[in-house]
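Structure first, commentary second.
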Amino acid sequence: MIELIAFSWIGAAYFLYAPFPWMIETVPDLLVGVEGLLNIAFTITAIWGVRSLSQKNMPATVGLLAGLAVAVVLYGVGTVNYGTGMRHRQMFLWVIFLFGGIGISEHVRLVWPFRSWSDDSVNASAQTSNSRAD
């Protein structure tokens with residue numbers, strides 16, 4: 001039982017992120033390895049997302065984190081082949097992507113560089129109505 005507890009976090013990391021860079025031997029492994037690195041990046045940004053979502057909706061955050069932790073630990077302990085893990089981890093990565101997307105949106109501001117003619121006409125009519133009110 002002690003070994004199971006000690007191995008659970010290693011199994012969870014292996015389940016979510018394998019193959020690691022030192023495990024890559026073929027081109028398909030390289031593609032999956034890039035996916036694993038992107039998953040690591042989203043996990044890092046998920047820390048910001050968890051913090052942000054917990055300030056807005058604590059029960060949802062706790063529920064998602066508890067479900068993710070239990071599922072990843074159980075699958076991580078039971079899955080020792082990264083090919084099988086690669087197919088099964090998609091069921092749980094959406095939670096990490098959800099938190100990661102929230103974290104990214106909290107820290108990155110994107111401005112759409114193009115304006116359509118409808119935006120210009122709305123702004124012009126708003127300025128015209130404001131000048132008439134004065």
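Letters for chains follow the order of the structure tokens (A, B, ...), residue numbers begin at 1 for each chain, and ligand numbers begin at 1 in the order shown.
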*Near region 21-35 of chain A, counting only C-alpha atoms, which residues have an atom at most 12 Å away, once you skip same-chain residues fewer than 3 positions from it, shown as a list of chain:residue names?*
A:Tyr14, A:Leu16, A:Tyr17, A:Ala18, A:Leu38, A:Asn39, A:Ile40, A:Ala41, A:Phe42, A:Tyr82, A:Gly83, A:Gly85, A:Met86, A:Arg87, A:Arg89, A:Gln90, A:Leu93
*asked:* List as a ChimeraX atom specification the protein and nucleic acid residues near Ile10 (chain A), meaning an atom at most 9 Å away when only C-alpha atoms are counted, but skip any in the same chain fewer than 4 places from it.
replied: /A:6,14-15,76-77
Residues from last step as file, all heavy atoms, as a short mmCIF file (atom, residue, chain, number, x, y, z; two decimals), in the first residue's frame:
```cif
data_model
loop_
_atom_site.label_atom_id
_atom_site.label_comp_id
_atom_site.auth_asym_id
_atom_site.auth_seq_id
_atom_site.Cartn_x
_atom_site.Cartn_y
_atom_site.Cartn_z
N ALA A 6 3.27 5.96 -2.88
CA ALA A 6 4.51 6.59 -3.32
C ALA A 6 4.60 6.67 -4.85
O ALA A 6 5.15 7.62 -5.40
CB ALA A 6 5.71 5.83 -2.77
N TYR A 14 3.29 10.29 -15.56
CA TYR A 14 3.56 9.44 -16.71
C TYR A 14 2.31 9.31 -17.58
O TYR A 14 2.37 9.37 -18.81
CB TYR A 14 4.03 8.07 -16.21
CG TYR A 14 4.62 7.17 -17.25
CD1 TYR A 14 5.94 7.30 -17.63
CD2 TYR A 14 3.86 6.19 -17.85
CE1 TYR A 14 6.50 6.47 -18.58
CE2 TYR A 14 4.40 5.34 -18.80
CZ TYR A 14 5.72 5.49 -19.17
OH TYR A 14 6.25 4.67 -20.11
N PHE A 15 1.17 9.15 -16.94
CA PHE A 15 -0.11 9.02 -17.64
C PHE A 15 -0.43 10.27 -18.45
O PHE A 15 -0.86 10.20 -19.60
CB PHE A 15 -1.21 8.71 -16.64
CG PHE A 15 -2.59 8.73 -17.20
CD1 PHE A 15 -3.01 7.77 -18.10
CD2 PHE A 15 -3.50 9.71 -16.83
CE1 PHE A 15 -4.29 7.77 -18.62
CE2 PHE A 15 -4.78 9.72 -17.34
CZ PHE A 15 -5.17 8.75 -18.24
N GLY A 76 -3.39 6.50 -13.72
CA GLY A 76 -1.94 6.53 -13.72
C GLY A 76 -1.32 5.31 -13.08
O GLY A 76 -0.30 4.79 -13.54
N VAL A 77 -1.93 4.81 -12.01
CA VAL A 77 -1.43 3.61 -11.36
C VAL A 77 -1.74 2.38 -12.21
O VAL A 77 -0.92 1.47 -12.32
CB VAL A 77 -2.04 3.46 -9.94
CG1 VAL A 77 -1.76 2.11 -9.35
CG2 VAL A 77 -1.49 4.56 -9.04
#
```
_Neighbouring residues of His107 (chain A) were defined as those with any atom within 10 Å, considering only C-alpha atoms; residues of the same chain fewer than 3 positions away were excluded. Please report them as an NGL selection string._
:A and (45 or 48-49 or 102-104 or 110)
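Put simply, CA of Ala60 (chain A) is 26.0 Å away from CA of Gly36 (chain A).
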At a cut-off of 9 Å, using only C-alpha atoms, what residues contact Leu65 (chain A)? Leave out same-chain residues fewer than 4 positions from it and give the result as a short mmCIF file (atom, residue, chain, number, x, y, z; two decimals) with N, CA, C and O atoms, in the first residue's frame.
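Output saved as around12.cif:
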```cif
data_model
loop_
_atom_site.label_atom_id
_atom_site.label_comp_id
_atom_site.auth_asym_id
_atom_site.auth_seq_id
_atom_site.Cartn_x
_atom_site.Cartn_y
_atom_site.Cartn_z
N VAL A 50 -7.06 27.81 -11.97
CA VAL A 50 -7.67 27.29 -10.74
C VAL A 50 -7.85 28.41 -9.75
O VAL A 50 -8.90 28.54 -9.11
N ALA A 60 -17.47 24.40 -7.95
CA ALA A 60 -17.14 23.83 -9.27
C ALA A 60 -15.65 23.53 -9.36
O ALA A 60 -15.25 22.48 -9.89
N THR A 61 -14.83 24.43 -8.84
CA THR A 61 -13.39 24.22 -8.88
C THR A 61 -12.99 23.00 -8.07
O THR A 61 -12.21 22.16 -8.54
N ALA A 69 -8.11 14.61 -9.96
CA ALA A 69 -7.08 13.95 -9.15
C ALA A 69 -7.35 12.46 -8.98
O ALA A 69 -6.46 11.63 -9.16
N VAL A 70 -8.58 12.12 -8.63
CA VAL A 70 -8.92 10.71 -8.43
C VAL A 70 -8.76 9.93 -9.73
O VAL A 70 -8.15 8.85 -9.77
N VAL A 95 -10.20 18.93 -18.57
CA VAL A 95 -10.25 19.70 -17.32
C VAL A 95 -9.01 20.58 -17.22
O VAL A 95 -9.09 21.76 -16.86
#
```
*asked:* To test your reading of the structure, identify every residue in chain A that backbone DSSP assigns to helix (DSSP H, G or I), and report it as JSON, numbers by chain.
replied: {"A": [2, 3, 4, 5, 6, 7, 8, 9, 10, 11, 12, 13, 14, 15, 16, 17, 21, 22, 23, 27, 28, 29, 30, 31, 32, 33, 34, 35, 36, 37, 38, 39, 40, 41, 42, 43, 44, 45, 46, 47, 48, 49, 50, 51, 52, 53, 54, 55, 56, 58, 59, 60, 61, 62, 63, 64, 65, 66, 67, 68, 69, 70, 71, 72, 73, 74, 75, 76, 77, 78, 82, 83, 84, 85, 86, 87, 88, 90, 91, 92, 93, 94, 95, 96, 97, 98, 99, 100, 101, 102, 103, 104, 105, 106, 107, 117, 118, 119, 120, 121, 122, 123, 124, 125, 126, 127, 128, 129, 130, 131, 132, 133]}
*Kindly give the distance, in Å, that separates CA of Gly63 (chain A) and CA of Ser105 (chain A), rounded to a single decimal.*
21.5 Å
*Enter the distance from CA of Thr43 (chain A) to CA of Leu68 (chain A), in Å, rounded to one decimal.*
12.2 Å
